[in-house]
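Everything on this sheet refers to the single structure shown next.
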Amino acid sequence: MKKQITVAGLAALMALSLAGCGTNNGGGTTPPPTTDTSTSTDTATSSTGYNLQVKDVNGDGIITVGFAQVGAESGWRTANTQSYKDYFVEANGFKLVFADANQDPDKQKQDVRDLIAQGVEVIDLAPVTDSGWEPVLQEAKDAGIPVVISDRQLSVSDDLYLTYFGGDMYAEGQRVTDFLKTYMASNNITTANIVHLQGTIGSTAQIGRSKALTEAAAANNWNIVYEQTGEFTQAKGQEVMESFLQQNKDFNIIYSENDDMTYGAIAALQAAGKDPKSYVIVSFDGNKSAVQMVVDGTIKAIGQCNPLLGPQVGDLIKKSMNGEAIPKITYSQEVLIDSTNAAEQLKTAFGS
Amino acid sequence: MTGLLKRVLHSRMAFALACLILVLLLNVVVTTATSGSPGSFFKIALTNGTLNGPLITILNRSSELVILAIGMTIVVSCSKGVDISVGGVMALSGSVSIWLLGFGQLPQNDYHVKAYVVPLVVGLLAALVVGLLAGLWNGFLVAKLRIQPMVATLILFTAGRGAAKVVGFGQIDKVDVPSYKWLGNFFTDAAGRNVLPIPTPILVAAVVVVVAAVLLRFTALGMNIQSVGINDKASRIVGLKSSQIILLAFVFCGACAAIAGMIATSRIYGIDANNIGKNIELDAILAVALGGNSLGGGKFSLAGSVVGAITIQALTTVLYSINVSADQLPLYKAIVVVIIVVLQSPDLRPMVNRAVGALGRVFRRPAATSDLVAQEGA
């Protein structure tokens with residue numbers, strides 16, 4: 001027992017000393033995080049505090065891009081990684097150094113430090129979590145390496161990174177709520193009783209997509225009869241949907257914040273002997289199987305979340321090399337997938 | 001009559017049942033409040049060839065936990081420790097079976113199994129073999145190398161999930177063949193209609209319970225396991241091979257984990273190595289404790305553990321029903337667990353008895369003296 005305590009104590013000491021190193025290298029002071037980065041900063045251009053631009057430091061004519069990726073937890077992520085691997089090749093003037101954090105925030109911080117030590121010329125960071133990034137970003141800045149934040153936003157001072165690039169989750173949500181409004185009007189549905197399956201609480205996607213629904217529900221007098229997180233997984237989505245179905249409450253719409261939870265909700269409906277097609281099911285992301293379900297009519301619409309960010313990030317990097325001003329936030333091109341364009345979208349849909 | 005009542009009140013099984021009834025009552029209240037009709041919690045309907053209703057949902061959802069709780073009970077009983085690797089083993093066995101079913105084709109097919117490379121039965125057997133091997137490894141560490149069970153199983157607790165990710169290429173690998181859904185959903189015929197209206201996991205859990213009960217009741221195995229847990233030196237002296245029995249218990253627990261893993265992967269017809277069986281080892285241990293079994297080993301009650309597992313799922317379901325967010329669930333579960341565990345504490349009962357006794361003496365004193373007087377008069 002005593003030995004175990006000693007070991008635990010030693011481990012804690014080591015962790016503390018490691019954390020100490022981090023902040024010291026980070027230059028001591030960490031800037032306070034800004035409170036609101038999610039809205040209305042679209043038009044803001046590079047702030048004065050950040051004047052790094054992407055340069056071919058070693059002069060070999062090729063830009064080395066370090067990509068610190070979240071992991072490989074979903075079909076979306078796989079497609080996202082693949083688009084980077086396909087685009088950042090020597091034929092396009094790039095070389096990719098890929099670091100997979102396996103969804104571990106601490107490993108990812110070490111990954112970024114490794115990329116800095118390797119002397120890559122620009123870093124693309126898709127953060128696992130949104131906290132604790134100031135020291136690491138400061139280290140990159142001190143080393144003169146510009147950082148592009150992609151996919152998930154960080155609440156850090158915007159003089160610590162070059163730009164954010166990713167989907168506008170709130171706009172995705174609005175596209176879907178607009179669809180619901182027109183769909184109800186054209187099908188003479190007068191009341192909306194909505195089951196809201198939320199993503200992992202606190203994630204960028206959940207915040208944006210939930211906000212859009214909450215606002216639309218208030219504006220249009222829709223009832224949200226059940227709201228529960230399915231944590232973006234199929235198993236959890238199925239379980240919470242089963243629990244809801246127990247209550248025998250009336251509902252006609254399911255608003256599910258990603259495809260995996262949608263699959264789970266559909267399975268739960270089937271297990272209860274209900275026909276999924278008799279409900280208005282809307283989803284997000286746009287995996288191939290889900291788009292196929294739109295073609296079949298099981299899902300009525302999907303707010304697409306485009307994972308193919310590689311080429312678009314490449315364009316931003318090229319702009320920065322040419323010395324152009326880059327906005328602090330750029331959103332990727334996304335559409336609403338419904339019965340009118342599903343067959344077309346199926347050809348380019350990502351994942352499986 | 002009072003003797004029987006006393007026995008019932010003091011039996012731990014009765015307590016486990018009382019907990020279950022309490023949680024079910026909570027369910028009844030909540031479903032009555034939300035649906036407006038008092039009987040709706042007990043309603044079981046047959047729609048489109050599927051039996052459904054709140055009770056079915058709870059039983060269906062608790063299947064994995066029931067299976068794990070049985071394995072865990074045996075391990076706790078004879079090794080005086082817990083197997084915390086069951087979640088990791090679930091992940092590993094599930095991903096190995098899908099890897100084998102789509103052998104060599106997963107990366108080309110967007111990590112989907114479009115058609116079985118080997119028959120489904122081979123894939124499921126492979127999962128079972130993985131579970132048995134994992135149990136053998138755990139048992140070897142505990143029984144032969146005498147490592148504490150929690151430390152020994154900590155290895156597969158972390159490595160199991162990691163290995164599952166490696167085997168599954170770090171992706172959520174999916175199976176598109178309908179028969180893969182059988183184990184976790186319903187048996188269906190070629191047209192997709194249900195052959196049996198009962199969810200398969202309930203049937204699988206029932207089979208595991210019956211097999212375990214028969215093995216432990218009608219052979220000496222159950223008694224041997226308990227005696228090793230009560231005093232393994234004494235058991236060795238009377239001729240039991242303690243280490244072999246402990247090894248066997250871990251192998252059995254590994255097999256249970258593999259079966260639970262097959263059901264969980266079949267439910268979502270895919271392997272999500274990050275999330276499958278996450279934190280389920282804690283629920284399994286809890287089920288054993290709720291069932292009135294001592295985590296210090298020795299005597300055990302399988303029925304208690306089964307009731308404990310169903311109680312946990314019933315609690316989870318009722319919490320979801322009253323809109324408790326999934327990420328806050330552990331807190332509410334913890335509160336209920338604290339209450340139940342405190343009520344079950346063996347030291348609490350004498351305390352309560354003493355308190356009740358003291359109260360009783362205060363009120364009974366006058367009567368006692370009059371009795372005495374009457375005796376003297378005689």
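Starting from 1 in every chain, residues are counted up; chains themselves are A, B, ... following the order of the structure tokens, and ligands are numbered from 1 as listed.
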
* For chain B, which residues have at least one atom within 6 Å of chain A, if we go by only C-alpha atoms? Write them as a PyMOL selection string, please. -> chain B and resi 31+34-35+47-48+50+52+54+110+170-171+317+321+325-326

Open item on the list: Residues of range 245-342 of chain A classed as strand (DSSP E or B) by DSSP on the backbone are to be reported as a count of residues only.
Closed with: 22

| query | Between A:Ile329, A:Ala217, A:Ile123, A:Leu197, which one has atoms that come closest to Gly166 in chain A, using only C-alpha atoms? | reply |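 Using only C-alpha atoms, Gly166 in chain A sits closest to A:Ile329.
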
For Leu101 in chain B, the closest of B:Val177, B:Ile74, B:Ile280, B:Leu154 counting only C-alpha atoms is B:Val177

If we count only C-alpha atoms, what is near Lys43 in chain B at a cut-off of 7 Å, once residues fewer than 3 positions away on the same chain are taken out, given as a ChimeraX atom specification?
/B:39-40,53

_Excluding range 201-215 of chain B and its own-chain neighbours fewer than 5 positions away, which residues fall within 8 Å of it when counting only C-alpha atoms? Please give them as a PyMOL selection string._
chain B and resi 59-60+63-64+66-67+70+183-185+221-222+263+302

Nearest to Ile62 in chain A, restricted to only C-alpha atoms and choosing among A:Ala171, A:Val280, A:Leu336, A:Leu96, comes out as A:Leu96

Practice prompt. Within 10 Å of range 127-132 of chain A, counting only C-alpha atoms, which residues show up once you throw out same-chain ones fewer than 6 positions away? Write them as an NGL selection string, please.
Written response: :A and (33 or 68-71 or 101-109 or 149-156 or 202-204)

N, CA, C and O atoms of the current selection, written as a compact mmCIF listing (two decimals), in the first residue's frame:
```txt
# COMPACT_ATOMS: atom_id res chain seq x y z
N PRO A 33 -8.03 34.40 -22.56
CA PRO A 33 -8.86 33.96 -23.67
C PRO A 33 -9.99 34.95 -23.95
O PRO A 33 -10.53 35.55 -23.03
N ALA A 68 -1.87 18.23 -36.97
CA ALA A 68 -2.19 17.58 -35.69
C ALA A 68 -3.67 17.26 -35.69
O ALA A 68 -4.51 18.12 -35.44
N GLN A 69 -3.98 16.00 -35.99
CA GLN A 69 -5.38 15.57 -36.15
C GLN A 69 -5.93 14.99 -34.85
O GLN A 69 -5.19 14.46 -34.03
N VAL A 70 -7.26 15.09 -34.68
CA VAL A 70 -7.94 14.60 -33.48
C VAL A 70 -7.73 13.10 -33.28
O VAL A 70 -7.34 12.64 -32.21
N GLY A 71 -8.02 12.35 -34.33
CA GLY A 71 -7.95 10.90 -34.22
C GLY A 71 -8.65 10.31 -35.42
O GLY A 71 -8.63 10.88 -36.50
N ALA A 101 -3.67 12.25 -32.70
CA ALA A 101 -3.70 12.36 -31.24
C ALA A 101 -4.52 11.25 -30.58
O ALA A 101 -4.56 11.18 -29.35
N ASN A 102 -5.17 10.40 -31.36
CA ASN A 102 -6.03 9.35 -30.78
C ASN A 102 -7.00 9.90 -29.75
O ASN A 102 -7.25 9.28 -28.72
N GLN A 103 -7.50 11.09 -30.00
CA GLN A 103 -8.49 11.75 -29.13
C GLN A 103 -7.96 12.07 -27.73
O GLN A 103 -8.73 12.29 -26.81
N ASP A 104 -6.65 12.09 -27.58
CA ASP A 104 -6.05 12.38 -26.28
C ASP A 104 -5.51 13.81 -26.30
O ASP A 104 -4.55 14.10 -27.01
N PRO A 105 -6.11 14.72 -25.53
CA PRO A 105 -5.69 16.13 -25.59
C PRO A 105 -4.23 16.32 -25.18
O PRO A 105 -3.53 17.17 -25.74
N ASP A 106 -3.76 15.54 -24.21
CA ASP A 106 -2.37 15.72 -23.77
C ASP A 106 -1.40 15.25 -24.83
O ASP A 106 -0.38 15.89 -25.08
N LYS A 107 -1.74 14.12 -25.47
CA LYS A 107 -0.88 13.64 -26.54
C LYS A 107 -0.82 14.67 -27.65
O LYS A 107 0.22 14.91 -28.24
N GLN A 108 -1.98 15.31 -27.92
CA GLN A 108 -2.01 16.25 -29.03
C GLN A 108 -1.10 17.46 -28.77
O GLN A 108 -0.43 17.94 -29.68
N LYS A 109 -1.06 17.90 -27.51
CA LYS A 109 -0.17 19.02 -27.19
C LYS A 109 1.28 18.62 -27.44
O LYS A 109 2.08 19.39 -27.96
N ILE A 149 -6.02 26.84 -37.28
CA ILE A 149 -6.92 25.99 -36.49
C ILE A 149 -7.99 25.49 -37.45
O ILE A 149 -8.60 26.29 -38.17
N SER A 150 -8.24 24.19 -37.47
CA SER A 150 -9.27 23.72 -38.39
C SER A 150 -10.31 22.89 -37.66
O SER A 150 -10.06 22.38 -36.56
N ASP A 151 -11.49 22.79 -38.23
CA ASP A 151 -12.62 21.98 -37.77
C ASP A 151 -13.26 22.48 -36.48
O ASP A 151 -14.43 22.79 -36.45
N ARG A 152 -12.49 22.54 -35.37
CA ARG A 152 -13.08 22.95 -34.09
C ARG A 152 -12.45 24.25 -33.65
O ARG A 152 -11.23 24.41 -33.72
N GLN A 153 -13.27 25.17 -33.15
CA GLN A 153 -12.76 26.47 -32.77
C GLN A 153 -12.15 26.45 -31.37
O GLN A 153 -12.49 25.63 -30.54
N LEU A 154 -11.21 27.38 -31.14
CA LEU A 154 -10.58 27.51 -29.83
C LEU A 154 -10.96 28.85 -29.24
O LEU A 154 -11.07 29.84 -29.95
N SER A 155 -11.13 28.87 -27.91
CA SER A 155 -11.40 30.16 -27.29
C SER A 155 -10.10 30.75 -26.76
O SER A 155 -9.90 30.87 -25.57
N VAL A 156 -9.19 31.07 -27.69
CA VAL A 156 -7.94 31.71 -27.28
C VAL A 156 -7.85 33.06 -27.99
O VAL A 156 -8.57 33.31 -28.95
N GLY A 202 -21.20 20.80 -25.30
CA GLY A 202 -20.05 21.69 -25.23
C GLY A 202 -19.19 21.66 -26.48
O GLY A 202 -18.31 22.51 -26.64
N SER A 203 -19.45 20.72 -27.39
CA SER A 203 -18.66 20.69 -28.62
C SER A 203 -19.17 21.78 -29.57
O SER A 203 -20.33 22.19 -29.49
N THR A 204 -18.30 22.25 -30.45
CA THR A 204 -18.67 23.32 -31.37
C THR A 204 -19.91 22.95 -32.16
O THR A 204 -20.83 23.75 -32.33
```

Query - Atomic separation - CA of Phe41 in chain B relative to CA of Val318 in chain B, Å - result: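 Straight-line distance from CA of Val318 in chain B to CA of Phe41 in chain B works out to 11.0 Å.
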
Problem - Spatial neighbours of Val122 in chain B, max dist 12 Å, only C-alpha atoms, sep filter under 2 positions, as a ChimeraX atom specification - result: /B:96-103,116-120,124-129

Worksheet item: Contacts of Gly296 in chain B at 7 Å or less, counting only C-alpha atoms, minus same-chain residues fewer than 2 places along, as a VMD selection string?
Response: chain B and resid 80 294 298

Min atom-atom distance to Ala126 in chain A from the set A:Leu309, A:Ile337, A:Phe88, A:Ala192, counting only C-alpha atoms, belongs to A:Leu309

Query raised in the report: With only C-alpha atoms as the basis for distance, which of B:Ala152, B:Ile268, B:Leu92, B:Ile312 is at the shortest distance from Val288 in chain B?
Result: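 Answer, going by the shortest atom-to-atom distance: B:Ile312.
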
One number please: CA of Phe300 in chain B to CA of Arg217 in chain B, in Å, one decimal.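 Interatomic distance, CA of Phe300 in chain B to CA of Arg217 in chain B: 11.8 Å.
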